[in-house]
$ cat run13.cif   # mmCIF, C-alpha atoms and all ligand atoms
data_input
#
loop_
_atom_site.label_atom_id
_atom_site.label_comp_id
_atom_site.auth_asym_id
_atom_site.auth_seq_id
_atom_site.Cartn_x
_atom_site.Cartn_y
_atom_site.Cartn_z
CA MET A 150 -11.39 -3.60 -1.34
CA ASN A 151 -8.30 -4.38 -3.37
CA ILE A 152 -5.74 -1.81 -2.29
CA VAL A 153 -2.25 -1.06 -3.59
CA VAL A 154 -0.08 0.68 -0.99
CA GLY A 155 2.59 2.73 -2.79
CA ILE A 156 5.66 3.60 -0.73
CA THR A 157 8.16 6.31 -1.64
CA GLY A 158 11.55 7.27 -0.22
CA GLY A 159 10.95 9.16 2.99
CA ILE A 160 11.72 8.16 6.56
CA ALA A 161 7.97 7.62 7.20
CA ALA A 162 8.26 4.57 4.90
CA TYR A 163 9.11 2.62 8.04
CA LYS A 164 5.44 3.04 9.05
CA ALA A 165 4.11 1.61 5.76
CA PRO A 166 4.20 -2.06 6.91
CA GLU A 167 1.98 -1.11 9.86
CA LEU A 168 -0.51 0.54 7.49
CA VAL A 169 -0.48 -2.60 5.33
CA ARG A 170 -1.06 -4.76 8.42
CA LEU A 171 -4.05 -2.63 9.49
CA LEU A 172 -5.60 -2.80 6.01
CA VAL A 173 -5.18 -6.58 5.80
CA LYS A 174 -6.70 -6.89 9.29
CA ALA A 175 -9.65 -4.80 8.10
CA GLY A 176 -10.34 -7.42 5.44
CA HIS A 177 -8.77 -5.71 2.42
CA SER A 178 -6.58 -7.48 -0.12
CA VAL A 179 -3.32 -5.51 -0.27
CA ARG A 180 -0.39 -5.39 -2.67
CA CYS A 181 2.60 -3.09 -2.27
CA ALA A 182 4.44 -1.00 -4.85
CA ALA A 183 7.64 0.72 -3.77
CA THR A 184 10.20 3.03 -5.31
CA GLU A 185 13.85 2.10 -5.15
CA HIS A 186 14.45 4.84 -2.56
CA ALA A 187 11.61 3.55 -0.36
CA LEU A 188 13.58 0.33 0.07
CA GLN A 189 16.29 2.33 1.85
CA PHE A 190 13.78 2.79 4.72
CA THR A 191 11.81 -0.45 4.65
CA THR A 192 12.46 -3.83 3.08
CA ARG A 193 11.00 -5.98 0.34
CA ALA A 194 10.80 -8.93 2.76
CA THR A 195 8.77 -6.92 5.31
CA LEU A 196 6.30 -5.61 2.72
CA GLU A 197 5.89 -9.00 1.06
CA THR A 198 5.34 -10.68 4.43
CA VAL A 199 2.71 -8.26 5.76
CA SER A 200 0.82 -8.06 2.47
CA ALA A 201 1.28 -11.76 1.64
CA ASN A 202 1.90 -10.68 -1.95
CA PRO A 203 4.95 -10.04 -4.15
CA LEU A 204 6.24 -6.45 -4.18
CA TYR A 205 5.89 -4.43 -7.37
CA CYS A 206 9.06 -2.38 -7.69
CA ASP A 207 10.66 -2.95 -11.07
CA LEU A 208 8.81 -1.79 -14.17
CA PHE A 209 10.55 -4.35 -16.36
CA ALA A 210 10.95 -7.30 -13.99
CA SER A 211 8.03 -9.39 -15.20
CA GLY A 212 8.39 -8.38 -18.84
CA ARG A 213 4.64 -7.68 -18.83
CA THR A 214 2.49 -4.60 -18.40
CA GLU A 215 2.08 -5.16 -14.69
CA HIS A 216 1.18 -1.52 -13.99
CA ILE A 217 -1.93 -2.03 -16.15
CA SER A 218 -2.94 -5.33 -14.55
CA LEU A 219 -2.41 -3.80 -11.08
CA LYS A 220 -4.50 -0.80 -12.10
CA ASP A 221 -7.30 -3.15 -13.22
CA TRP A 222 -7.05 -5.12 -9.96
CA ALA A 223 -6.95 -2.16 -7.54
CA ASP A 224 -9.97 -0.30 -6.19
CA LEU A 225 -7.67 2.19 -4.47
CA LEU A 226 -4.02 3.25 -4.64
CA VAL A 227 -2.74 4.73 -1.38
CA VAL A 228 0.65 6.44 -1.47
CA ALA A 229 2.06 6.58 2.05
CA PRO A 230 4.39 8.28 2.49
CA ALA A 231 4.09 10.52 -0.57
CA THR A 232 7.28 12.55 -0.97
CA ALA A 233 7.49 15.97 -2.67
CA ASN A 234 9.14 14.11 -5.54
CA ILE A 235 6.25 11.71 -6.29
CA ILE A 236 3.70 14.51 -5.86
CA GLY A 237 5.67 16.62 -8.35
CA LYS A 238 6.00 13.74 -10.80
CA VAL A 239 2.27 13.03 -10.88
CA ALA A 240 1.44 16.74 -11.19
CA GLY A 241 3.88 16.95 -14.10
CA GLY A 242 2.71 13.70 -15.74
CA ILE A 243 6.06 11.96 -15.33
CA ALA A 244 6.15 8.16 -15.30
CA ASP A 245 9.74 6.96 -14.97
CA ASP A 246 9.50 4.05 -12.54
CA ALA A 247 7.04 1.35 -11.44
CA LEU A 248 5.04 3.42 -8.94
CA SER A 249 4.83 6.67 -10.95
CA THR A 250 3.75 4.66 -14.02
CA LEU A 251 1.01 2.97 -12.00
CA LEU A 252 -0.05 6.36 -10.61
CA LEU A 253 -0.54 7.76 -14.10
CA ALA A 254 -2.51 4.69 -15.16
CA MET A 255 -4.87 4.92 -12.16
CA PRO A 256 -8.00 7.15 -12.33
CA PRO A 257 -7.26 10.09 -9.93
CA GLN A 258 -10.51 9.49 -8.00
CA HIS A 259 -9.08 6.13 -6.94
CA VAL A 260 -5.90 7.59 -5.43
CA LEU A 261 -5.22 8.71 -1.85
CA MET A 262 -1.95 10.32 -0.78
CA ALA A 263 -0.45 10.83 2.65
CA PRO A 264 2.31 13.42 2.09
CA ALA A 265 5.36 13.45 4.37
CA MET A 266 8.34 15.80 4.12
CA ASN A 267 10.29 18.52 5.88
CA SER A 268 8.18 21.60 6.85
CA GLN A 269 10.00 23.94 4.48
CA MET A 270 9.57 21.54 1.59
CA TRP A 271 5.87 21.20 2.45
CA ALA A 272 5.47 25.01 2.48
CA HIS A 273 7.28 25.46 -0.86
CA PRO A 274 4.99 27.06 -3.46
CA ALA A 275 5.84 24.34 -5.98
CA VAL A 276 4.69 21.59 -3.60
CA GLN A 277 1.54 23.49 -2.60
CA ARG A 278 0.71 24.15 -6.25
CA ASN A 279 1.21 20.46 -7.07
CA ILE A 280 -0.99 19.41 -4.15
CA GLU A 281 -3.73 21.74 -5.38
CA THR A 282 -3.41 20.31 -8.91
CA LEU A 283 -3.74 16.73 -7.64
CA ARG A 284 -6.72 17.69 -5.46
CA SER A 285 -8.45 19.38 -8.41
CA TRP A 286 -8.15 16.06 -10.33
CA GLY A 287 -9.88 14.22 -7.50
CA ILE A 288 -6.87 12.74 -5.66
CA ALA A 289 -7.70 12.59 -1.93
CA MET A 290 -5.12 13.79 0.61
CA VAL A 291 -4.56 12.87 4.24
CA SER A 292 -2.79 16.07 5.25
CA PRO A 293 0.47 15.76 7.14
CA ALA A 294 0.42 16.39 10.87
CA ASP A 295 2.37 18.92 12.94
CA GLY A 296 5.14 17.39 14.98
CA GLU A 297 8.74 16.44 15.42
CA LEU A 298 10.40 15.63 12.10
CA ALA A 299 13.27 13.28 11.32
CA CYS A 300 15.48 16.26 10.42
CA GLY A 301 15.25 17.49 14.03
CA THR A 302 12.85 20.39 13.43
CA THR A 303 9.22 20.65 14.46
CA GLY A 304 6.36 21.69 12.20
CA PRO A 305 3.93 20.42 9.57
CA GLY A 306 5.16 17.60 7.36
CA ARG A 307 4.93 14.50 9.52
CA MET A 308 2.98 11.68 7.86
CA SER A 309 -0.37 10.96 9.53
CA GLU A 310 -0.33 7.87 11.69
CA PRO A 311 -1.23 4.56 9.94
CA GLU A 312 -4.42 4.28 12.08
CA GLU A 313 -5.59 7.67 10.81
CA ILE A 314 -4.87 6.76 7.17
CA ALA A 315 -6.67 3.43 7.63
CA ALA A 316 -9.71 5.23 9.13
CA CYS A 317 -9.74 7.62 6.19
CA ILE A 318 -9.66 4.66 3.77
CA ALA A 319 -12.58 3.05 5.63
CA SER A 320 -14.71 6.18 5.29
CA LEU A 321 -13.68 6.71 1.65
CA SER A 322 -14.64 3.17 0.69
CA THR A 323 -18.22 3.57 1.83
CA PHE A 324 -18.76 7.27 1.18
CA HIS A 325 -19.40 7.06 -2.56
CA SER A 326 -21.25 3.77 -2.55
CA PRO A 327 -24.99 3.87 -3.29
CA LEU A 328 -25.26 0.91 -0.90
CA SER A 329 -24.39 3.14 2.06
CA THR A 330 -28.07 4.11 2.31
CA GLN A 331 -29.44 0.59 1.78
CA ARG A 332 -30.46 -2.42 3.89
CA TRP A 333 -29.99 -5.96 2.54
CA LEU A 334 -31.07 -9.37 3.76
CA VAL A 335 -28.66 -12.31 3.44
CA THR A 336 -29.39 -15.92 4.41
CA ALA A 337 -26.47 -18.22 5.16
CA GLY A 338 -25.55 -21.68 6.34
CA PRO A 339 -27.53 -24.88 6.61
CA THR A 340 -30.79 -25.58 8.38
CA TYR A 341 -31.15 -28.38 10.90
CA GLU A 342 -34.45 -30.23 10.89
CA ARG A 343 -34.97 -31.90 14.22
CA ILE A 344 -35.72 -35.62 14.47
CA ASP A 345 -35.40 -36.01 18.23
CA SER A 346 -33.49 -34.39 21.09
CA VAL A 347 -30.10 -35.49 19.67
CA ARG A 348 -30.56 -35.95 15.90
CA PHE A 349 -31.37 -33.78 12.93
CA ILE A 350 -31.41 -33.72 9.13
CA GLY A 351 -28.81 -31.24 7.92
CA ASN A 352 -26.36 -30.55 5.11
CA TYR A 353 -22.71 -29.61 4.55
CA SER A 354 -23.12 -25.82 4.25
CA SER A 355 -20.55 -23.99 6.41
CA GLY A 356 -22.04 -20.51 6.01
CA LYS A 357 -18.81 -19.21 4.39
CA MET A 358 -20.50 -17.99 1.20
CA GLY A 359 -23.29 -16.19 3.08
CA PHE A 360 -20.94 -14.57 5.59
CA ALA A 361 -18.71 -13.40 2.73
CA LEU A 362 -21.78 -11.83 1.07
CA ALA A 363 -22.79 -10.10 4.31
CA GLU A 364 -19.25 -8.71 4.69
CA ALA A 365 -19.05 -7.58 1.08
CA LEU A 366 -22.33 -5.67 1.44
CA ALA A 367 -21.26 -4.13 4.77
CA GLU A 368 -17.89 -3.21 3.27
CA GLN A 369 -19.85 -1.08 0.78
CA GLY A 370 -21.67 0.62 3.65
CA ALA A 371 -24.95 -1.33 3.51
CA GLU A 372 -26.81 -2.35 6.65
CA VAL A 373 -27.10 -6.13 6.57
CA GLU A 374 -29.70 -8.41 8.12
CA LEU A 375 -27.87 -11.74 8.24
CA VAL A 376 -30.15 -14.68 8.99
CA THR A 377 -27.96 -17.71 9.49
CA GLY A 378 -28.43 -21.37 10.25
CA PRO A 379 -26.06 -23.20 12.62
CA THR A 380 -22.40 -22.38 11.88
CA SER A 381 -19.19 -21.84 13.80
CA LEU A 382 -18.60 -18.56 11.93
CA SER A 383 -19.11 -15.18 13.58
CA THR A 384 -19.23 -11.63 12.28
CA LEU A 385 -18.02 -10.25 15.61
CA ARG A 386 -14.39 -10.08 14.51
CA SER A 387 -15.29 -8.49 11.19
CA PRO A 388 -14.20 -4.86 10.78
CA PHE A 389 -17.74 -4.24 9.48
CA SER A 390 -19.56 -5.96 12.34
CA ALA A 391 -21.33 -2.73 13.29
CA HIS A 392 -23.18 -2.93 9.96
CA ILE A 393 -24.25 -6.57 10.30
CA HIS A 394 -27.25 -7.56 12.40
CA GLU A 395 -27.10 -11.31 12.93
CA THR A 396 -30.13 -13.51 13.63
CA ARG A 397 -29.30 -17.14 14.44
CA VAL A 398 -31.88 -19.78 13.56
CA GLU A 399 -31.93 -23.53 13.39
CA SER A 400 -34.73 -24.79 11.16
CA ALA A 401 -36.11 -23.78 7.77
CA ARG A 402 -39.31 -22.58 9.44
CA GLU A 403 -37.34 -20.32 11.81
CA MET A 404 -35.34 -18.97 8.84
CA TYR A 405 -38.60 -18.40 6.97
CA ALA A 406 -40.07 -16.41 9.89
CA ALA A 407 -36.94 -14.23 10.29
CA ALA A 408 -36.46 -13.60 6.55
CA THR A 409 -40.08 -12.75 5.73
CA LYS A 410 -40.17 -10.34 8.70
CA VAL A 411 -37.23 -8.20 7.56
CA PHE A 412 -37.56 -8.45 3.77
CA PRO A 413 -40.23 -5.71 3.44
CA HIS A 414 -37.72 -3.27 5.01
CA CYS A 415 -34.87 -4.21 2.68
CA HIS A 416 -33.69 -2.94 -0.70
CA GLY A 417 -32.77 -6.45 -1.65
CA ALA A 418 -32.04 -9.97 -0.52
CA ILE A 419 -29.46 -12.63 -1.39
CA LEU A 420 -30.46 -16.12 -0.29
CA SER A 421 -27.39 -18.32 -0.13
CA ALA A 422 -28.55 -20.63 2.67
CA ALA A 423 -28.86 -24.34 1.98
CA VAL A 424 -32.38 -24.79 3.26
CA ALA A 425 -33.76 -28.29 3.86
CA ASP A 426 -36.66 -28.90 1.50
CA TYR A 427 -38.21 -31.42 3.92
CA ARG A 428 -38.44 -31.92 7.68
CA PRO A 429 -39.61 -34.86 9.79
CA ALA A 430 -43.41 -34.83 10.15
CA GLU A 431 -43.01 -35.49 13.85
CA THR A 432 -40.23 -34.77 16.30
CA ALA A 433 -39.55 -36.47 19.61
CA ASP A 434 -38.46 -34.49 22.66
CA HIS A 435 -36.46 -37.47 23.92
CA LYS A 436 -33.81 -39.65 22.26
CA LEU A 437 -35.48 -42.25 20.03
CA LYS A 438 -34.41 -45.77 20.91
CA LYS A 439 -33.75 -48.70 18.60
CA ASN A 440 -37.02 -50.61 18.49
CA GLY A 441 -35.57 -53.98 17.50
CA SER A 442 -36.74 -53.89 13.88
CA GLU A 443 -34.29 -53.82 10.92
CA GLY A 444 -35.34 -50.47 9.48
CA MET A 445 -37.07 -47.29 10.43
CA HIS A 446 -39.41 -45.04 8.47
CA LEU A 447 -39.17 -41.32 8.82
CA GLU A 448 -42.10 -39.44 7.33
CA LEU A 449 -41.09 -36.09 5.87
CA VAL A 450 -43.20 -33.04 5.07
CA GLN A 451 -42.28 -30.13 2.86
CA ASN A 452 -40.74 -26.95 4.29
CA PRO A 453 -41.87 -23.53 3.09
CA ASP A 454 -39.77 -22.19 0.19
CA ILE A 455 -38.36 -18.92 1.58
CA LEU A 456 -37.03 -17.69 -1.75
CA ALA A 457 -40.28 -18.34 -3.61
CA THR A 458 -42.23 -16.61 -0.83
CA LEU A 459 -40.00 -13.51 -1.07
CA GLY A 460 -40.45 -13.65 -4.86
CA GLY A 461 -44.19 -13.34 -4.27
CA MET A 462 -43.76 -10.47 -1.78
CA LYS A 463 -41.23 -8.56 -3.88
CA GLN A 464 -41.96 -4.93 -4.74
CA GLU A 465 -40.87 -3.29 -8.00
CA GLU A 466 -37.87 -1.50 -6.41
CA GLN A 467 -36.55 -4.54 -4.54
CA THR A 468 -33.84 -6.87 -5.89
CA LEU A 469 -34.09 -10.57 -5.17
CA VAL A 470 -31.14 -12.90 -5.70
CA GLY A 471 -31.24 -16.66 -5.24
CA PHE A 472 -28.57 -19.35 -5.37
CA ALA A 473 -28.77 -22.64 -7.22
CA LEU A 474 -26.61 -25.55 -6.15
CA GLU A 475 -26.67 -28.06 -8.97
CA THR A 476 -25.03 -31.33 -9.90
CA ASP A 477 -26.37 -31.74 -13.48
CA HIS A 478 -28.24 -29.75 -16.18
CA GLU A 479 -26.93 -26.74 -14.24
CA LEU A 480 -27.89 -23.83 -16.50
CA GLU A 481 -31.30 -25.24 -17.33
CA ASN A 482 -32.16 -25.88 -13.66
CA ALA A 483 -30.90 -22.48 -12.53
CA GLN A 484 -32.86 -20.70 -15.28
CA GLY A 485 -35.98 -22.60 -14.18
CA LYS A 486 -35.54 -21.42 -10.55
CA LEU A 487 -34.95 -17.84 -11.71
CA GLU A 488 -38.29 -17.82 -13.51
CA ARG A 489 -40.41 -19.91 -11.12
CA LYS A 490 -39.32 -17.98 -8.01
CA ASN A 491 -39.64 -14.51 -9.63
CA LEU A 492 -35.98 -13.57 -9.10
CA ASP A 493 -33.88 -10.79 -10.56
CA TYR A 494 -30.69 -12.87 -10.47
CA ILE A 495 -29.64 -16.41 -9.69
CA VAL A 496 -26.11 -17.44 -8.73
CA LEU A 497 -25.32 -20.90 -10.00
CA ASN A 498 -22.62 -23.03 -8.41
CA SER A 499 -22.05 -26.61 -9.40
CA LEU A 500 -20.70 -29.44 -7.28
CA ARG A 501 -19.09 -30.72 -10.48
CA ASP A 502 -16.59 -27.81 -10.32
CA LYS A 503 -13.62 -28.69 -8.13
CA GLY A 504 -13.20 -26.13 -5.31
CA ALA A 505 -16.79 -24.86 -5.61
CA GLY A 506 -19.77 -25.21 -3.29
CA PHE A 507 -19.95 -26.51 0.28
CA GLY A 508 -17.36 -25.95 2.99
CA VAL A 509 -14.40 -24.76 0.91
CA ASP A 510 -13.00 -21.21 0.92
CA THR A 511 -13.40 -20.86 -2.84
CA ASN A 512 -16.26 -20.85 -5.31
CA LYS A 513 -16.91 -20.63 -9.03
CA VAL A 514 -20.22 -19.14 -10.09
CA THR A 515 -22.34 -18.07 -13.02
CA ILE A 516 -24.68 -15.15 -12.37
CA LEU A 517 -27.79 -15.25 -14.54
CA GLY A 518 -30.00 -12.17 -14.79
CA ARG A 519 -33.72 -12.00 -15.52
CA ASP A 520 -32.73 -9.66 -18.40
CA GLY A 521 -30.73 -12.50 -20.02
CA SER A 522 -27.36 -11.27 -18.71
CA ARG A 523 -24.74 -13.87 -17.79
CA LYS A 524 -21.47 -13.39 -15.88
CA GLU A 525 -19.05 -16.18 -15.06
CA SER A 526 -16.33 -16.15 -12.43
CA PRO A 527 -13.19 -18.23 -12.41
CA LEU A 528 -12.40 -20.14 -9.22
CA LEU A 529 -11.92 -17.33 -6.65
CA SER A 530 -12.01 -16.93 -2.89
CA LYS A 531 -15.57 -16.68 -1.55
CA ARG A 532 -14.72 -13.10 -0.51
CA GLU A 533 -13.90 -12.21 -4.14
CA VAL A 534 -16.92 -14.09 -5.47
CA ALA A 535 -19.12 -12.20 -2.99
CA ARG A 536 -17.75 -8.85 -4.18
CA MET A 537 -18.37 -9.87 -7.79
CA ILE A 538 -21.97 -10.87 -6.99
CA ILE A 539 -22.63 -7.59 -5.15
CA GLU A 540 -21.24 -5.61 -8.07
CA ALA A 541 -23.37 -7.56 -10.57
CA VAL A 542 -26.66 -7.31 -8.68
CA THR A 543 -26.42 -3.72 -7.42
CA LEU A 544 -25.48 -1.98 -10.67
O1 LIG B 601 -22.16 -22.35 3.14
P1 LIG B 601 -20.99 -22.78 2.26
O2 LIG B 601 -20.27 -23.99 2.81
O3 LIG B 601 -20.07 -21.64 1.94
O4 LIG B 601 -21.61 -23.29 0.88
C1 LIG B 601 -22.24 -22.36 0.03
C2 LIG B 601 -23.43 -23.00 -0.68
C3 LIG B 601 -22.98 -24.13 -1.56
C4 LIG B 601 -24.45 -23.50 0.34
C5 LIG B 601 -24.07 -21.84 -1.53
O5 LIG B 601 -23.15 -21.37 -2.46
C6 LIG B 601 -25.33 -22.29 -2.25
O6 LIG B 601 -25.29 -22.83 -3.33
N1 LIG B 601 -26.49 -22.06 -1.61
C7 LIG B 601 -27.80 -22.56 -2.07
C8 LIG B 601 -27.96 -24.00 -1.73
C9 LIG B 601 -29.33 -24.54 -2.10
O7 LIG B 601 -30.06 -24.91 -1.23
O8 LIG B 601 -29.62 -24.47 -3.37
P2 LIG B 601 -31.05 -24.93 -3.99
O9 LIG B 601 -30.79 -24.97 -5.46
O10 LIG B 601 -31.54 -26.17 -3.33
O11 LIG B 601 -32.03 -23.76 -3.61
C10 LIG B 601 -32.32 -22.70 -4.49
C11 LIG B 601 -32.53 -21.40 -3.74
O12 LIG B 601 -33.73 -21.48 -2.97
C12 LIG B 601 -31.44 -21.02 -2.77
O13 LIG B 601 -31.27 -19.62 -2.83
C13 LIG B 601 -31.98 -21.42 -1.41
O14 LIG B 601 -31.49 -20.58 -0.36
C14 LIG B 601 -33.48 -21.18 -1.63
N2 LIG B 601 -34.38 -22.04 -0.82
C15 LIG B 601 -34.41 -23.39 -1.03
C16 LIG B 601 -35.32 -24.16 -0.33
C17 LIG B 601 -36.17 -23.53 0.62
N3 LIG B 601 -37.04 -24.24 1.32
N4 LIG B 601 -36.11 -22.21 0.79
C18 LIG B 601 -35.23 -21.46 0.09
O15 LIG B 601 -35.18 -20.23 0.26
#

$ encode --input "run13.cif" --output "structure tokens"
Amino acid sequence: MNIVVGITGGIAAYKAPELVRLLVKAGHSVRCAATEHALQFTTRATLETVSANPLYCDLFASGRTEHISLKDWADLLVVAPATANIIGKVAGGIADDALSTLLLAMPPQHVLMAPAMNSQMWAHPAVQRNIETLRSWGIAMVSPADGELACGTTGPGRMSEPEEIAACIASLSTFHSPLSTQRWLVTAGPTYERIDSVRFIGNYSSGKMGFALAEALAEQGAEVELVTGPTSLSTLRSPFSAHIHETRVESAREMYAAATKVFPHCHGAILSAAVADYRPAETADHKLKKNGSEGMHLELVQNPDILATLGGMKQEEQTLVGFALETDHELENAQGKLERKNLDYIVLNSLRDKGAGFGVDTNKVTILGRDGSRKESPLLSKREVARMIIEAVTL
């Protein structure tokens, strides 16, 4: 998710960088927005370093409507700590600085607050009334904990620990998603077609696009069957690894067997693997030696087309998404594959676009729908492209 962490002026602001760190570690893109008072307790340099993004603090600094572009970018705005002041401002519709302006621009259902204040302030009828108002609009609250407070007293008002807020964000992000009850198949990486015991026919796919798709689906709560060719990537370190079931294969025929087995149990499939169209007709179980002649002939036979096979198996309620890697006549070729293979969507990437395709961390795609729809992405990280694809094909 794209998350803005809003920080207001309470002592618990010193814990905000830790929350940002946890969210980044969980795979979220994070930007920070702070009030002037928050920067008495934490620093711009700390927040910019942990989020790896510039801090949004001054409503007029950029001379643009940054609160609106941030609102468009963010899936969630988390205010931690949320002081009595910011809670009161939102309840009263006041927007007099960068963060309160962003808060009023954001749909309430996309806001989470972690209040923190002195116990007596927390118990004040005005604060409790404001909290109720915000809740009734759909703003989620991580209630403050009981404990020792900075003012020396003990009682309710202490901000929940960053780990608790991060856990709450994780459950919120998947709770409302229709994907949380679905299973999807993703294919990733290259296939290796064996020639002999040391050689194979392969390609430059790294698996990055497919792994990003698996993560983006799991992030939305889906169970993912990831069938991947040889790659150095692993989902084990992913915060969503519990949702991703990985099957490692080597050849197109192994990928075919794994994919056709799970597809009938899936709501949909996205096939991003670069599958070899041909394999050697014969393989040797020893290392082939030079035989003294100038050349060598390798006879190739066709591999099964996994995507076309799934297109034939597809039931009405299933969604099938293919990829097309093209170098010329891109749209025409992709449209042809969409129709021939009975797909719902095809994701076109072209090797003519710099920064797109094999190996790199970025991609630039056009998503064509069977219904004639067409969505184009700019050059984005594969993570962002994956999220865009998931959004387009699961609407
Ligand atoms: O792994 P990365 O380094 O991140 O690179 C990502 C990528 C460039 C591999 C990816 O974005 C991509 O374009 N994947 C599809 C590559 C490809 O083989 O395209 P194609 O146009 O040849 O195949 C069309 C579709 O049929 C693809 O969905 C492919 O998975 C599928 N196919 C092809 C042949 C075959 N025998 N079986 C298949 O299922």

$ atom_distance --input "run13.cif" --atom1 "atom CA of A:Ser285" --atom2 "atom CA of A:Ser178"
28.2 Å

$ residues_near_ligand --input "run13.cif" --ligand "ligand LIG 601 (chain B)" --cutoff "6 Å" --atoms "all atoms listed in the file" --output "list of chain:residue names"
A:Gly338, A:Ser354, A:Ser355, A:Gly356, A:Lys357, A:Met358, A:Leu420, A:Ser421, A:Ala422, A:Ala423, A:Val424, A:Ala425, A:Asp426, A:Asn452, A:Pro453, A:Asp454, A:Ile455, A:Leu456, A:Gly471, A:Phe472, A:Ala473, A:Leu474, A:Asn498, A:Gly506, A:Phe507, A:Gly508

$ residues_near_point --input "run13.cif" --point "(2.9, 14.2, 4.9)" --cutoff "9 Å" --atoms "only C-alpha atoms" --output "JSON, numbers by chain"
{"A": [161, 229, 230, 231, 232, 262, 263, 264, 265, 266, 267, 271, 291, 292, 293, 294, 305, 306, 307, 308, 309]}

$ closest_atom_pairs --input "run13.cif" --of "stretch 297-339 of chain A" --to "stretch 204-228 of chain A" --cutoff "10 Å" --atoms "all atoms listed in the file" --output "JSON lines"
{"residue": "A:Ile314", "atom": "CA", "partner": "A:Val227", "partner_atom": "CA", "distance": 9.0}
{"residue": "A:Ala315", "atom": "CA", "partner": "A:Val227", "partner_atom": "CA", "distance": 9.9}
{"residue": "A:Ile318", "atom": "CA", "partner": "A:Val227", "partner_atom": "CA", "distance": 8.6}
{"residue": "A:Leu321", "atom": "CA", "partner": "A:Leu225", "partner_atom": "CA", "distance": 9.7}
{"residue": "A:Ser322", "atom": "CA", "partner": "A:Leu225", "partner_atom": "CA", "distance": 8.7}

$ atom_distance --input "run13.cif" --atom1 "atom CA of A:Glu313" --atom2 "atom CA of A:Phe360"
27.5 Å

$ closest_residue --input "run13.cif" --among "A:Ala244, A:Leu449, A:Leu334, A:Leu366" --to "A:Ala407" --atoms "only C-alpha atoms"
A:Leu334

$ residues_around --input "run13.cif" --residues "A:Glu364" --least-positions-apart "2" --cutoff "12 Å" --atoms "all atoms listed in the file" --output "short mmCIF file (atom, residue, chain, number, x, y, z; two decimals) with C-alpha atoms, in the coordinates of the input"
data_model
loop_
_atom_site.label_atom_id
_atom_site.label_comp_id
_atom_site.auth_asym_id
_atom_site.auth_seq_id
_atom_site.Cartn_x
_atom_site.Cartn_y
_atom_site.Cartn_z
CA MET A 150 -11.39 -3.60 -1.34
CA ALA A 175 -9.65 -4.80 8.10
CA GLY A 176 -10.34 -7.42 5.44
CA HIS A 177 -8.77 -5.71 2.42
CA TRP A 333 -29.99 -5.96 2.54
CA LEU A 334 -31.07 -9.37 3.76
CA VAL A 335 -28.66 -12.31 3.44
CA ALA A 337 -26.47 -18.22 5.16
CA LYS A 357 -18.81 -19.21 4.39
CA MET A 358 -20.50 -17.99 1.20
CA GLY A 359 -23.29 -16.19 3.08
CA PHE A 360 -20.94 -14.57 5.59
CA ALA A 361 -18.71 -13.40 2.73
CA LEU A 362 -21.78 -11.83 1.07
CA LEU A 366 -22.33 -5.67 1.44
CA ALA A 367 -21.26 -4.13 4.77
CA GLU A 368 -17.89 -3.21 3.27
CA GLN A 369 -19.85 -1.08 0.78
CA GLY A 370 -21.67 0.62 3.65
CA ALA A 371 -24.95 -1.33 3.51
CA GLU A 372 -26.81 -2.35 6.65
CA VAL A 373 -27.10 -6.13 6.57
CA GLU A 374 -29.70 -8.41 8.12
CA LEU A 375 -27.87 -11.74 8.24
CA SER A 383 -19.11 -15.18 13.58
CA THR A 384 -19.23 -11.63 12.28
CA LEU A 385 -18.02 -10.25 15.61
CA ARG A 386 -14.39 -10.08 14.51
CA SER A 387 -15.29 -8.49 11.19
CA PRO A 388 -14.20 -4.86 10.78
CA PHE A 389 -17.74 -4.24 9.48
CA SER A 390 -19.56 -5.96 12.34
CA ALA A 391 -21.33 -2.73 13.29
CA HIS A 392 -23.18 -2.93 9.96
CA ILE A 393 -24.25 -6.57 10.30
CA HIS A 394 -27.25 -7.56 12.40
CA GLU A 395 -27.10 -11.31 12.93
CA LYS A 531 -15.57 -16.68 -1.55
CA ARG A 532 -14.72 -13.10 -0.51
CA GLU A 533 -13.90 -12.21 -4.14
CA VAL A 534 -16.92 -14.09 -5.47
CA ALA A 535 -19.12 -12.20 -2.99
CA ARG A 536 -17.75 -8.85 -4.18
CA ILE A 539 -22.63 -7.59 -5.15
#
